[in-house]
Structure formats: structure tokens, C-alpha cells
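Engineer: To be precise about what I am sending: the file is called input-v4.txt and holds compact mmCIF, C-alpha atoms and all ligand atoms.
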```txt
# COMPACT_ATOMS: atom_id res chain seq x y z
CA MET A 279 108.71 145.87 173.83
CA PHE A 280 109.47 142.19 174.48
CA PHE A 281 107.80 142.30 177.90
CA GLU A 282 104.81 144.11 176.48
CA LYS A 283 104.41 141.34 173.89
CA LEU A 284 104.91 138.62 176.47
CA SER A 285 102.37 140.13 178.81
CA LYS A 286 99.89 140.43 175.95
CA MET A 287 100.40 136.76 175.08
CA LEU A 288 99.98 135.64 178.69
CA ASN A 289 96.91 137.78 179.00
CA ASP A 290 95.47 136.12 175.95
CA VAL A 291 96.02 132.65 177.36
CA PHE A 292 94.97 133.32 180.94
CA ARG A 293 92.06 135.66 180.51
CA PRO A 294 89.39 135.17 183.16
CA SER A 295 86.09 133.65 182.11
CA PRO A 296 83.24 136.10 181.62
CA LYS A 297 81.59 136.75 184.97
CA TYR A 298 81.77 133.83 187.38
CA ILE A 299 80.09 131.16 185.33
CA THR A 300 82.33 128.37 184.11
CA VAL A 301 81.45 125.48 181.88
CA SER A 302 83.14 122.09 181.86
CA VAL A 303 84.24 120.39 178.64
CA ALA A 304 81.57 117.73 179.16
CA GLN A 305 78.88 120.38 179.58
CA ALA A 306 80.05 122.16 176.46
CA ALA A 307 79.82 118.93 174.50
CA ALA A 308 76.35 118.18 175.88
CA GLY A 309 75.17 121.69 175.01
CA PRO A 310 72.59 123.92 176.66
CA ALA A 311 70.12 121.07 177.32
CA GLN A 312 72.25 120.17 180.36
CA ALA A 313 73.26 123.68 181.29
CA LEU A 314 70.13 125.83 181.08
CA PRO A 315 66.35 125.53 180.84
CA PRO A 316 65.12 125.35 177.22
CA SER A 317 62.76 128.27 177.84
CA ARG A 318 65.84 130.43 178.50
CA LEU A 319 67.60 129.63 175.25
CA PRO A 320 67.79 132.73 173.01
CA ARG A 321 65.91 132.43 169.72
CA HIS A 322 68.22 134.83 167.88
CA VAL A 323 71.92 135.25 168.66
CA ALA A 324 74.01 137.95 166.96
CA ILE A 325 77.80 137.91 167.14
CA ILE A 326 80.37 140.63 166.42
CA MET A 327 83.37 138.45 165.65
CA ASP A 328 86.12 140.87 166.67
CA GLY A 329 89.80 140.59 167.52
CA ASN A 330 91.24 138.60 164.62
CA GLY A 331 93.91 141.22 163.97
CA ARG A 332 95.00 141.42 167.62
CA TRP A 333 95.04 137.63 167.90
CA ALA A 334 97.53 137.51 165.02
CA GLN A 335 99.57 140.50 166.18
CA ASN A 336 99.95 138.96 169.65
CA ARG A 337 101.58 136.00 167.95
CA GLY A 338 103.77 138.06 165.61
CA MET A 339 101.70 136.95 162.64
CA PRO A 340 100.09 139.03 159.85
CA ARG A 341 96.47 140.15 160.38
CA SER A 342 95.34 137.84 157.57
CA ALA A 343 96.46 134.84 159.67
CA GLY A 344 94.03 136.02 162.35
CA HIS A 345 91.20 136.11 159.85
CA ALA A 346 92.06 132.59 158.67
CA ALA A 347 92.06 131.35 162.27
CA GLY A 348 88.74 133.17 162.78
CA THR A 349 87.03 131.07 160.11
CA GLU A 350 87.76 127.95 162.19
CA ALA A 351 85.92 129.45 165.16
CA LEU A 352 83.14 130.40 162.79
CA ARG A 353 82.65 126.79 161.64
CA ASP A 354 82.46 125.56 165.22
CA ILE A 355 79.98 128.22 166.36
CA ILE A 356 77.66 127.70 163.39
CA ARG A 357 77.62 123.96 164.08
CA ALA A 358 77.03 124.49 167.79
CA SER A 359 74.09 126.83 167.04
CA ASP A 360 72.62 124.20 164.75
CA ASP A 361 73.22 121.37 167.25
CA TRP A 362 71.70 123.37 170.09
CA GLY A 363 68.54 124.41 168.29
CA ILE A 364 69.14 128.17 168.04
CA GLU A 365 66.59 129.55 165.58
CA ALA A 366 68.64 132.39 164.05
CA LEU A 367 72.33 133.30 164.13
CA SER A 368 73.55 136.63 162.72
CA LEU A 369 77.29 137.04 162.22
CA TYR A 370 79.08 140.31 161.50
CA ALA A 371 81.68 139.37 158.89
CA PHE A 372 82.43 142.64 157.05
CA SER A 373 81.05 146.11 157.69
CA THR A 374 80.56 149.00 155.27
CA GLU A 375 83.32 150.72 157.28
CA ASN A 376 85.77 147.83 156.84
CA TRP A 377 86.49 149.03 153.26
CA ALA A 378 88.74 151.58 154.97
CA ARG A 379 91.31 148.83 155.66
CA SER A 380 94.36 148.14 153.49
CA LYS A 381 93.85 146.56 150.08
CA GLU A 382 95.93 143.63 151.23
CA GLU A 383 93.68 142.93 154.22
CA ILE A 384 90.48 143.35 152.21
CA ASN A 385 91.79 140.93 149.56
CA ALA A 386 92.66 138.39 152.24
CA LEU A 387 89.18 138.70 153.75
CA MET A 388 87.45 138.39 150.37
CA GLY A 389 89.60 135.36 149.51
CA LEU A 390 88.63 133.66 152.76
CA LEU A 391 85.00 134.45 152.13
CA LEU A 392 85.05 132.68 148.79
CA LYS A 393 86.96 129.74 150.17
CA TYR A 394 84.55 129.48 153.09
CA PHE A 395 81.40 129.46 150.97
CA ASN A 396 82.81 126.94 148.51
CA SER A 397 83.95 124.53 151.20
CA GLU A 398 80.94 124.80 153.55
CA ILE A 399 77.91 125.11 151.34
CA ASP A 400 77.30 121.37 150.80
CA GLU A 401 77.34 120.58 154.49
CA LEU A 402 75.26 123.61 155.48
CA ASP A 403 72.66 122.75 152.86
CA GLU A 404 72.62 119.15 154.05
CA LYS A 405 72.00 120.39 157.59
CA ASN A 406 68.97 122.30 156.31
CA VAL A 407 70.60 125.68 157.13
CA ARG A 408 69.12 128.69 155.38
CA ILE A 409 71.69 131.32 154.43
CA THR A 410 70.74 134.99 154.15
CA ILE A 411 73.20 137.77 153.43
CA LEU A 412 72.62 140.97 155.37
CA GLY A 413 74.04 143.91 153.45
CA ASP A 414 74.48 145.18 149.93
CA VAL A 415 75.77 142.25 147.86
CA ASN A 416 76.10 144.54 144.84
CA GLY A 417 79.05 146.19 146.54
CA LEU A 418 81.00 142.89 146.63
CA PRO A 419 83.51 141.77 143.98
CA ASP A 420 81.92 139.62 141.23
CA ALA A 421 83.16 136.20 142.35
CA GLN A 422 82.13 136.80 145.98
CA ARG A 423 78.72 138.19 144.97
CA GLU A 424 78.04 135.18 142.76
CA ALA A 425 79.09 132.69 145.44
CA VAL A 426 76.92 134.23 148.15
CA CYS A 427 73.92 134.66 145.85
CA ARG A 428 74.21 131.02 144.77
CA ALA A 429 74.30 129.96 148.42
CA MET A 430 71.22 132.05 149.23
CA GLU A 431 69.32 130.67 146.25
CA ARG A 432 70.31 127.09 146.98
CA THR A 433 69.26 127.20 150.65
CA LYS A 434 66.23 129.50 150.41
CA ASP A 435 63.67 126.74 151.09
CA ASN A 436 65.61 125.20 153.98
CA THR A 437 63.80 125.25 157.29
CA GLY A 438 66.61 124.75 159.83
CA LEU A 439 68.98 127.31 161.37
CA LYS A 440 68.57 130.79 159.89
CA LEU A 441 72.18 131.77 159.26
CA ASN A 442 72.47 135.49 158.55
CA ILE A 443 75.88 136.65 157.41
CA ALA A 444 76.45 140.41 157.46
CA LEU A 445 78.68 141.33 154.53
CA ASN A 446 79.19 144.87 153.35
CA TYR A 447 76.64 145.59 156.08
CA GLY A 448 75.96 148.86 157.86
CA GLY A 449 73.05 149.42 160.22
CA ARG A 450 72.38 152.98 159.12
CA ALA A 451 72.56 151.93 155.47
CA GLU A 452 70.00 149.21 156.23
CA LEU A 453 67.62 151.69 157.89
CA THR A 454 68.03 154.18 155.04
CA ARG A 455 67.29 151.43 152.53
CA ALA A 456 64.13 150.46 154.46
CA ALA A 457 62.96 154.10 154.45
CA LYS A 458 63.53 154.26 150.69
CA LEU A 459 61.61 151.01 150.09
CA LEU A 460 58.65 152.38 152.03
CA ALA A 461 58.82 155.72 150.24
CA GLU A 462 58.71 153.86 146.91
CA LYS A 463 55.59 151.99 148.03
CA VAL A 464 53.91 155.25 149.02
CA LYS A 465 54.93 156.83 145.74
CA ALA A 466 53.48 153.88 143.81
CA GLY A 467 50.21 154.25 145.76
CA GLU A 468 50.56 150.78 147.33
CA ILE A 469 50.39 152.15 150.87
CA GLN A 470 49.63 155.41 152.68
CA PRO A 471 52.10 157.04 155.11
CA GLU A 472 49.76 156.13 157.99
CA ASP A 473 50.08 152.44 157.07
CA ILE A 474 53.72 152.53 158.17
CA THR A 475 54.03 150.64 161.43
CA GLU A 476 57.03 149.23 163.30
CA ASP A 477 56.06 145.84 161.94
CA LEU A 478 55.96 147.03 158.32
CA PHE A 479 59.28 148.86 158.81
CA GLY A 480 60.85 145.68 160.21
CA GLN A 481 59.70 143.78 157.14
CA GLN A 482 61.85 146.02 154.91
CA LEU A 483 65.03 144.97 156.73
CA TYR A 484 67.41 142.22 155.64
CA THR A 485 66.41 140.31 158.77
CA ALA A 486 62.66 140.30 157.98
CA ASP A 487 62.48 136.53 158.49
CA SER A 488 64.24 136.43 161.86
CA PRO A 489 62.87 137.44 165.27
CA ASP A 490 64.48 140.38 167.14
CA VAL A 491 67.93 139.64 168.50
CA ASP A 492 67.80 138.21 172.04
CA LEU A 493 71.53 137.99 172.72
CA LEU A 494 74.42 140.00 171.26
CA ILE A 495 77.91 138.65 171.84
CA ARG A 496 81.02 140.68 171.03
CA THR A 497 84.49 139.25 171.45
CA SER A 498 87.84 141.05 171.94
CA GLY A 499 86.70 143.19 174.87
CA GLU A 500 85.33 146.09 172.82
CA MET A 501 82.01 147.31 174.16
CA ARG A 502 80.26 148.92 171.22
CA THR A 503 77.95 147.78 168.46
CA SER A 504 79.87 149.32 165.51
CA ASN A 505 76.82 149.88 163.28
CA PHE A 506 75.49 146.32 163.68
CA LEU A 507 71.71 145.69 163.67
CA PRO A 508 70.58 148.94 165.37
CA TRP A 509 66.85 148.19 164.88
CA GLN A 510 67.04 144.51 165.80
CA LEU A 511 69.16 144.97 168.94
CA VAL A 512 66.95 147.42 170.84
CA TYR A 513 66.09 144.91 173.58
CA ALA A 514 68.97 142.47 173.14
CA GLU A 515 70.99 141.35 176.13
CA MET A 516 74.66 142.07 175.53
CA VAL A 517 77.56 139.89 176.59
CA PHE A 518 81.09 141.16 176.00
CA ASP A 519 83.79 138.51 176.12
CA SER A 520 87.43 139.63 176.41
CA ILE A 521 88.70 136.71 174.33
CA ASN A 522 89.69 137.33 170.69
CA TRP A 523 87.45 135.73 168.09
CA PRO A 524 89.82 132.93 166.92
CA ASP A 525 89.87 131.62 170.52
CA PHE A 526 86.10 131.66 170.92
CA ASP A 527 84.72 128.12 171.08
CA ARG A 528 81.68 126.09 172.14
CA ALA A 529 82.54 126.27 175.81
CA ARG A 530 82.79 130.08 175.65
CA TYR A 531 79.59 130.22 173.65
CA LEU A 532 77.79 128.12 176.23
CA GLN A 533 79.05 130.46 178.97
CA CYS A 534 77.51 133.38 177.08
CA LEU A 535 74.22 131.48 176.80
CA ARG A 536 74.26 130.85 180.54
CA ILE A 537 74.94 134.49 181.33
CA TYR A 538 72.01 135.34 179.07
CA ALA A 539 69.79 132.76 180.77
CA ASP A 540 70.55 134.37 184.12
CA ARG A 541 69.46 137.85 183.02
CA ASP A 542 66.05 139.35 183.80
CA ARG A 543 64.49 140.75 180.67
CA ARG A 544 61.81 143.22 181.56
CA PHE A 545 61.07 145.01 178.28
CA GLY A 546 60.11 148.10 180.23
CA GLY A 547 57.79 146.20 182.55
CA VAL A 548 58.24 144.88 186.08
CA ASP A 549 59.78 141.52 186.84
CA GLU A 550 57.02 139.79 188.73
CA ALA A 551 58.39 136.32 188.09
CA ARG A 552 61.50 136.82 190.21
CA PRO A 553 60.74 139.60 192.70
CA GLU A 554 63.10 138.07 195.24
CA LYS A 555 66.14 138.75 193.03
CA LYS A 556 68.17 141.53 194.60
CA THR A 557 70.40 144.04 192.94
CA GLU A 558 73.89 144.73 194.25
CA ASP A 559 72.61 147.99 195.81
CA ASN A 560 70.05 146.34 198.06
CA ALA A 561 71.75 142.98 198.56
CA ASP A 562 72.60 143.78 202.19
CA ASP A 563 69.17 145.16 203.13
C1 LIG A 601 87.25 141.23 163.16
O1 LIG A 601 88.57 141.30 163.59
C2 LIG A 601 87.14 140.80 161.71
C3 LIG A 601 86.72 141.88 160.81
C4 LIG A 601 86.43 143.11 161.13
C5 LIG A 601 86.61 141.53 159.41
P1 LIG A 601 89.43 142.62 163.38
O2 LIG A 601 90.13 142.53 162.06
O3 LIG A 601 88.61 143.83 163.57
O4 LIG A 601 90.49 142.47 164.54
P2 LIG A 601 91.03 143.62 165.48
O5 LIG A 601 89.83 144.28 166.10
O6 LIG A 601 91.80 144.58 164.63
O7 LIG A 601 91.88 142.91 166.47
C1 LIG A 602 83.10 145.26 163.62
O1 LIG A 602 84.43 145.20 164.00
C2 LIG A 602 82.93 144.63 162.27
C3 LIG A 602 83.12 143.18 162.20
C4 LIG A 602 83.41 142.39 163.20
C5 LIG A 602 82.96 142.62 160.90
P1 LIG A 602 85.45 146.41 163.74
O2 LIG A 602 86.76 145.94 164.23
O3 LIG A 602 85.37 146.82 162.33
O4 LIG A 602 84.82 147.56 164.64
P2 LIG A 602 85.51 148.84 165.31
O5 LIG A 602 86.21 149.57 164.21
O6 LIG A 602 86.46 148.32 166.34
O7 LIG A 602 84.38 149.58 165.92
MG MG A 603 88.14 144.95 165.21
```
For the file at hand, write its structure as C-alpha cells.
Ligand code: IPE
Ligand code: IPE
Ligand code: MG
Structural biologist:
Amino acid sequence: MFFEKLSKMLNDVFRPSPKYITVSVAQAAAGPAQALPPSRLPRHVAIIMDGNGRWAQNRGMPRSAGHAAGTEALRDIIRASDDWGIEALSLYAFSTENWARSKEEINALMGLLLKYFNSEIDELDEKNVRITILGDVNGLPDAQREAVCRAMERTKDNTGLKLNIALNYGGRAELTRAAKLLAEKVKAGEIQPEDITEDLFGQQLYTADSPDVDLLIRTSGEMRTSNFLPWQLVYAEMVFDSINWPDFDRARYLQCLRIYADRDRRFGGVDEARPEKKTEDNADD
């Protein structure tokens, strides 16, 4: 048991960097301008902030301590996105499935949410950040719903970073809601079924104002999307980092951006820009 715990802790500290790309502290501070061409910066980054519970358990702490530590990483990553000129950042904070957790954990998460909004809103507004909640705010407790709605209202005309926070969010619920909204429009005679296009469908989603996701990052080593942005992720590049969310920082973030910048996005076409790039299969040809 002791050795298992010790090995987990060591693993946590000495995890290898994703792939072979490493970023120096100076590069992380300078941001992507130094590290990658501006044309290869993603417009929309989505992050599944996972591993708070394991981070805490590895340290013999309660899961709620992991969530509290996670909010520190959150502050840093939002600021980095703003500093680096990312257009939209979508963060998975609480899923429709997360209600299955213990009352104690849900209360801790909801408490942190309130604390976070109250302490950050002035600075985010000052930085011209526009906050949008993805998900059904009506399913949140009163105080949390009021705080997030106030934040959305207060920042709705801001033109800087589009900060989308997924709260009580489920991808299938979002798609079902979009289908219902369109059905209502047909029923009211505003549109005909044949008017429904991918574009019009996309406009019914919580993310209507953001472009499709370019880069999805998930921490904690899990390689699944867990009901996050199924429509918006169809052509996203995915980067899975083994580190737990509270340990994710600017340097790690920049590494993910560099991995993204090194990917060939073909969207079903043929990569004519870099035909010389070889796959592992034909590298020795
Ligand atoms: C992510 O961390 C935060 C939320 C889901 C709210 P977890 O709480 O899922 O942490 P693990 O996956 O159990 O380690
Ligand atoms: C996804 O993480 C939800 C958030 C990060 C908010 P989970 O920890 O809930 O996902 P699963 O259960 O491992 O798929
Ligand atoms: Mg998890």
C-alpha cells in the first residue's frame, strides 16, 4: 500500500512531457509568439480539466482539496489564453453526469464556483473577457445561477477572449436542445424543415458565437471526451496530457500548442502544403 502510494507520487512528479517537445521557462513566459508561427495558433481551445480527485488522493488529501488546487491552474490558463491571443477557450467544469458524485463533493465544487466567480469577475471584465456559460444554468443552485448569470450579463459586450465555461453541461443534452429549438421554429412557421442546415443547427448551440474547436486538451491521461462538445469537436486535434489538472501550467499549455502546431490538419482533403512529411510507416522508404 505504502509503496503503491509512493510510486504514484513519484509518477506524478516525474511524468514525461507529452511527446518529445519541451518548453523552457523563458519560452513559456514569452508565450507562443516565440515558440510557434502565429498562423498555427488555434483559434478555439477546449480543455477537459480532469484529475483533481487523483491529484488530491495521491497526496492523502480529500478530493475537494484537488478541486481547490484546480482553480489555481484555471486562473493561470485563462490568463495565458488571454495573453497569447487565443480567440475562444472552452473549459469543462461540471458535467450533467457529475451530479452522480457525493453530496459533499458537489457542495465543495459549487462553493468553489461561487468563490471563483466573485473573486475573478472584476479582473476578467477589466481584461475585456466575455463569459458564456455552456449548459443548463436552470439546473444550478440559486446562488450559483445568479452569480454566473450576472457575470454573463456584465461581460456580454466585451470583445476580448471568449471564455466559455461548461457547467451542468452535457453534449447530448445540448444537441437535443438544439433539435427542440429548431422544431419550435418549424412549428411556429418561422422556418421550413428544408431550411435546416449545419450552419443553422450550429447557431442553436451554446457555442454559437465561437468557431469550431481546433484543439482539445484533456489532462490526467484519460483518452475520452466524456460528453463534451460532440458537434464542435468533429475536426479538433486532440492532445492528451498525463499530468493531473492542478499541475497543468503555462509551460504545459505551450507544449500542447506546439504539438498542435506540428499536426497536419487535412479536413478530409490532401496535404499539398507538406507532401514531404513522412509517416512512421514509410519513414525508411
Ligand atoms: C475533474 O477532476 C473535475 C471535475 C470533474 C469537476 P475529477 O474530480 O474528475 O478528478 P478524478 O478524475 O477523479 O481524478
Ligand atoms: C469530465 O471528467 C468532466 C469534467 C472535467 C468536468 P469526468 O471525470 O467527469 O469524466 P469521466 O467520468 O472520467 O469520463
Ligand atoms: Mg475525472
Engineer: Compute the set of protein, DNA and RNA residues whose minimum atom distance to ligand LIG 602 (chain A) is at most 6 Å, using all atoms listed in the file, and state it as an MDAnalysis selection string.
Structural biologist: chainID A and resid 326:328 370:373 376 504
Engineer: Counting all atoms listed in the file, which protein, DNA or RNA residues come within 8 Å of ligand MG 603 (chain A), given as a PyMOL selection string?
Structural biologist: chain A and resi 328-331+498
Engineer: Quick one: of A:Leu535, A:Val323, A:Val426, A:Ala386, who's nearest to ligand LIG 601 (chain A), counting only C-alpha atoms and all ligand atoms?
Structural biologist: A:Ala386
Engineer: Would you list the contacts of segment 361-367 of chain A as a ChimeraX atom specification, taking every protein, DNA or RNA residue within 9 Å and counting only C-alpha atoms, but skipping same-chain residues closer than 3 positions in sequence?
Structural biologist: /A:309-311,319-325,356-358,438-443,488-489,491
Engineer: Could those selected residues go to a file with C-alpha atoms, as a PDB file, in the frame of the given file?
Structural biologist:
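Wrote part-v2.pdb, looks like this:
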```pdb
ATOM      1  CA  GLY A 309      75.170 121.690 175.010  1.00  0.00           C
ATOM      2  CA  PRO A 310      72.590 123.920 176.660  1.00  0.00           C
ATOM      3  CA  ALA A 311      70.120 121.070 177.320  1.00  0.00           C
ATOM      4  CA  LEU A 319      67.600 129.630 175.250  1.00  0.00           C
ATOM      5  CA  PRO A 320      67.790 132.730 173.010  1.00  0.00           C
ATOM      6  CA  ARG A 321      65.910 132.430 169.720  1.00  0.00           C
ATOM      7  CA  HIS A 322      68.220 134.830 167.880  1.00  0.00           C
ATOM      8  CA  VAL A 323      71.920 135.250 168.660  1.00  0.00           C
ATOM      9  CA  ALA A 324      74.010 137.950 166.960  1.00  0.00           C
ATOM     10  CA  ILE A 325      77.800 137.910 167.140  1.00  0.00           C
ATOM     11  CA  ILE A 356      77.660 127.700 163.390  1.00  0.00           C
ATOM     12  CA  ARG A 357      77.620 123.960 164.080  1.00  0.00           C
ATOM     13  CA  ALA A 358      77.030 124.490 167.790  1.00  0.00           C
ATOM     14  CA  GLY A 438      66.610 124.750 159.830  1.00  0.00           C
ATOM     15  CA  LEU A 439      68.980 127.310 161.370  1.00  0.00           C
ATOM     16  CA  LYS A 440      68.570 130.790 159.890  1.00  0.00           C
ATOM     17  CA  LEU A 441      72.180 131.770 159.260  1.00  0.00           C
ATOM     18  CA  ASN A 442      72.470 135.490 158.550  1.00  0.00           C
ATOM     19  CA  ILE A 443      75.880 136.650 157.410  1.00  0.00           C
ATOM     20  CA  SER A 488      64.240 136.430 161.860  1.00  0.00           C
ATOM     21  CA  PRO A 489      62.870 137.440 165.270  1.00  0.00           C
ATOM     22  CA  VAL A 491      67.930 139.640 168.500  1.00  0.00           C
TER      23      VAL A 491
END
```
Engineer: Select, from A:Val517, A:Leu459, A:Leu453, A:Ile399, the residue with the minimum atom-to-atom distance to Asp540 of chain A, counting all atoms listed in the file.
Structural biologist: A:Val517
Engineer: Measure the distance from atom CA of Arg379 of chain A to atom CA of Lys458 of chain A in Å and round it to one decimal.
Structural biologist: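 Those two atoms sit 28.7 Å apart.
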Engineer: How many Å lie between atom CA of Ala451 of chain A and atom CA of Gly417 of chain A, rounded to one decimal?
Structural biologist: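 For atom CA of Ala451 of chain A relative to atom CA of Gly417 of chain A, the distance reads 12.4 Å.
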Engineer: Find, counting all atoms listed in the file, the residue in A:Ile474, A:Ile409, A:Ala308, A:Leu390 that gets nearest to ligand LIG 601 (chain A).
Structural biologist: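 Selected residue with least distance to ligand LIG 601 (chain A): A:Leu390.
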Engineer: Measure the distance from atom CA of Arg318 of chain A to atom C1 of ligand LIG 601 (chain A) in Å and round it to one decimal.
Structural biologist: 28.5 Å
Engineer: For Lys463 of chain A, please output as an MDAnalysis selection string all residues within 12 Å (counting all atoms listed in the file; exclusion window: fewer than 5 positions along the same chain).
Structural biologist: chainID A and resid 456:458 468:471 473:474 478:479 482
Engineer: Tell me which of A:Asp354, A:Glu401, A:Glu500, A:Glu452 sits closest to ligand LIG 601 (chain A), counting all atoms listed in the file.
Structural biologist: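 So, comparing all the options, the nearest one is A:Glu500.
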Engineer: Pick out the residues sitting within 10 Å of Thr374 of chain A, and hand them over as a count of residues only; count all atoms listed in the file, and ignore anything fewer than 6 positions along from it in its own chain.
Structural biologist: 12
Engineer: Taking all atoms listed in the file into account, name the residue in A:Leu412, A:Pro315, A:Ile521, A:Met430 that is nearest to ligand LIG 601 (chain A).
Structural biologist: A:Ile521
Engineer: Within 7 Å of (90.3, 142.5, 157.5), only C-alpha atoms: residues as a PyMOL selection string?
Structural biologist: chain A and resi 342+345+379+383-384+387
Engineer: Near Arg432 of chain A, counting all atoms listed in the file, which residues have an atom at most 12 Å away, once you skip same-chain residues fewer than 2 positions from it, shown as a list in words?
Structural biologist: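 Non-adjacent residues within range: Ile399, Asp400, Leu402, Asp403, Glu404, Asn406, Val407, Arg408, Ile409, Thr410, Glu424, Ala425, Val426, Cys427, Arg428, Ala429, Met430, Lys434, Asp435 and Asn436 of chain A.
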